[in-house]
Amino acid sequence: MASIENNQIHPDVRRLGRIARRLVPAMNEKFFRRGNWFMNHFAKGHFPKDMHVTEHWVNRSDDTRLRLVVASPLHPKPQATGVLWLHGGGYAMEIPEIDLTYARHIQAVSNAVVVMPDYRRSVETPYPAALDDAYLALKWLSAHHDELGVNAHQLFVAGESAGGGLTAALTLYARDQGKISIAFQMPLYPMLDDRPTASNANNDAPIWNSTSNANAWRLYLGDAYRTDDVSPYAAPARATDYRQLPPTYTFVARSSRFIRRR
């Protein structure tokens with residue numbers, strides 16, 4: 001039934017998986033919209049008291065505004081690393097506040113200012129809205145490096161899941177624009193490829209499975225989904241030119257079907 005043995009999955013994880021499968025068989029557009037509604041009403045603007053977190057706003061070309069959540073060190077030091085952190089959520093949901101823990105971890109081990117854009121999700125506007133917002137946030141970070149106390153030559157881009165995919169896409173895009181140099185990228189278990197692969201086919205894992213993955217890509221790519229007309233800036237696994245990209249750190253989880261003990 002599966003590619004790994006039952007004893008490779010901890011019993012507690014297996015039990016939680018059974019519960020999660022019943023509660024959320026698969027993520028679809030309705031689920032993503034409800035998740036966004038909940039986060040926007042109950043999580044947005046709630047910042048930990050032991051972190052220095054501020055909000056900033058940047059004008060888009062259509063006169064709407066992009067919200068940036070900026071986590072600065074409690075005890076600033078000069079020449080901080082500027083980290084643009086892109087949250088996950090299948091390109092379809094979540095907000096920066098959900099990922100402030102990552103900012104906390106980054107600042108625990110480094111002198112860093114973490115900028116987290118509230119980029120547009122696919123349930124609002126599909127690709128390239130999220131990429132446009134990520135690049136706008138990168139330009140803001142670069143332009144405001146002095147007042148943020150950031151070293152202009154130490155701009156990092158990082159994120160997890162969809163944020164990891166957006167990290168890789170933004171790094172490709174910034175390289176091709178040739179205006180801002182990214183010193184390092186860290187796409188963690190990134191959402192890179194819209195095409196069926198060995199790791200995302202027939203995956204029945206709780207929460208994020210083949211169906212959830214397909215639903216998320218369909219929302220993000222719109223009419224281009226499952227066609228050859230998909231840009232590497234949307235699905236970075238489609239890129240063929242890897243020249244002049246910054247040093248990169250990444251990791252992925254081992255993919256297998258979820259084991260149900262009989």
# chains A, B, ... in the order shown; residues from 1 in each chain; ligands from 1
call {"tool": "select_by_dssp", "arguments": {"residues": "range 70-106 of chain A", "states": "strand (DSSP E or B)", "output": "ChimeraX atom specification"}}
result
/A:70-72,80-86
call {"tool": "closest_atom_pairs", "arguments": {"of": "range 105-181 of chain A", "to": "range 220-240 of chain A", "cutoff": "7 Å", "atoms": "only C-alpha atoms", "output": "tab-separated table"}}
result
residue	atom	partner	partner_atom	distance
A:Ser122	CA	A:Tyr220	CA	5.0
A:Pro126	CA	A:Tyr220	CA	4.7
A:Tyr127	CA	A:Tyr220	CA	5.6
A:Gly165	CA	A:Pro236	CA	6.8
A:Ala168	CA	A:Pro236	CA	6.2
A:Ala169	CA	A:Tyr233	CA	4.6
A:Leu172	CA	A:Tyr233	CA	6.9
A:Tyr173	CA	A:Tyr233	CA	6.5
call {"tool": "write_last_selection", "arguments": {"atoms": "N, CA, C and O atoms", "output": "compact mmCIF listing (two decimals), in the first residue's frame"}}
result
# COMPACT_ATOMS: atom_id res chain seq x y z
N SER A 122 -4.12 33.85 -4.01
CA SER A 122 -4.74 33.46 -5.28
C SER A 122 -6.26 33.49 -5.24
O SER A 122 -6.90 33.63 -6.29
N PRO A 126 -4.95 35.82 -8.92
CA PRO A 126 -3.97 34.78 -9.23
C PRO A 126 -2.63 35.37 -9.66
O PRO A 126 -2.45 36.60 -9.69
N TYR A 127 -1.70 34.49 -10.01
CA TYR A 127 -0.40 34.92 -10.52
C TYR A 127 -0.61 35.92 -11.65
O TYR A 127 -1.52 35.76 -12.45
N GLY A 165 8.40 28.55 -2.69
CA GLY A 165 8.27 28.66 -4.14
C GLY A 165 8.36 30.09 -4.61
O GLY A 165 9.01 30.40 -5.62
N ALA A 168 11.99 31.27 -4.60
CA ALA A 168 12.73 30.88 -5.80
C ALA A 168 12.30 31.69 -7.01
O ALA A 168 13.13 32.09 -7.84
N ALA A 169 11.00 31.95 -7.12
CA ALA A 169 10.49 32.73 -8.26
C ALA A 169 11.01 34.17 -8.20
O ALA A 169 11.43 34.73 -9.22
N LEU A 172 14.68 34.39 -9.20
CA LEU A 172 14.82 34.34 -10.66
C LEU A 172 14.44 35.68 -11.29
O LEU A 172 15.14 36.21 -12.16
N TYR A 173 13.33 36.23 -10.82
CA TYR A 173 12.82 37.48 -11.39
C TYR A 173 13.78 38.64 -11.11
O TYR A 173 14.08 39.44 -12.01
call {"tool": "residues_around", "arguments": {"residues": "Ile98 in chain A", "least_positions_apart": "4", "cutoff": "10 Å", "atoms": "only C-alpha atoms", "output": "list in words"}}
result
Met39, Ala43, Lys44, His46, Phe47, His87, Gly88, Gly89, Glu94 and Tyr102 of chain A
call {"tool": "closest_residue", "arguments": {"among": "A:Glu97, A:Asp62, A:Asp204, A:Asp193", "to": "Phe42 in chain A", "atoms": "only C-alpha atoms"}}
result
A:Glu97
call {"tool": "closest_atom_pairs", "arguments": {"of": "range 139-213 of chain A", "to": "range 75-86 of chain A", "cutoff": "9 Å", "atoms": "only C-alpha atoms", "output": "Markdown table"}}
result
| residue | atom | partner | partner_atom | distance |
| --- | --- | --- | --- | --- |
| A:Leu141 | CA | A:Gly82 | CA | 7.3 |
| A:Ser142 | CA | A:Gly82 | CA | 8.4 |
| A:His145 | CA | A:Gly82 | CA | 7.7 |
| A:Asp146 | CA | A:Gln79 | CA | 8.9 |
| A:Leu148 | CA | A:Ala80 | CA | 8.4 |
| A:Gly149 | CA | A:Pro78 | CA | 5.6 |
| A:Val150 | CA | A:Ala80 | CA | 4.5 |
| A:Asn151 | CA | A:Gln79 | CA | 4.5 |
| A:Ala152 | CA | A:Gly82 | CA | 7.7 |
| A:His153 | CA | A:Thr81 | CA | 8.5 |
| A:Gln154 | CA | A:Thr81 | CA | 5.2 |
| A:Leu155 | CA | A:Gly82 | CA | 4.8 |
| A:Phe156 | CA | A:Val83 | CA | 4.7 |
| A:Val157 | CA | A:Leu84 | CA | 4.8 |
| A:Ala158 | CA | A:Trp85 | CA | 5.0 |
| A:Gly159 | CA | A:Leu86 | CA | 4.6 |
| A:Glu160 | CA | A:Leu86 | CA | 7.2 |
| A:Ala162 | CA | A:Leu86 | CA | 8.1 |
| A:Gly163 | CA | A:Leu86 | CA | 4.6 |
| A:Gly164 | CA | A:Leu86 | CA | 7.2 |
| A:Leu166 | CA | A:Leu86 | CA | 7.1 |
| A:Thr167 | CA | A:Leu86 | CA | 6.9 |
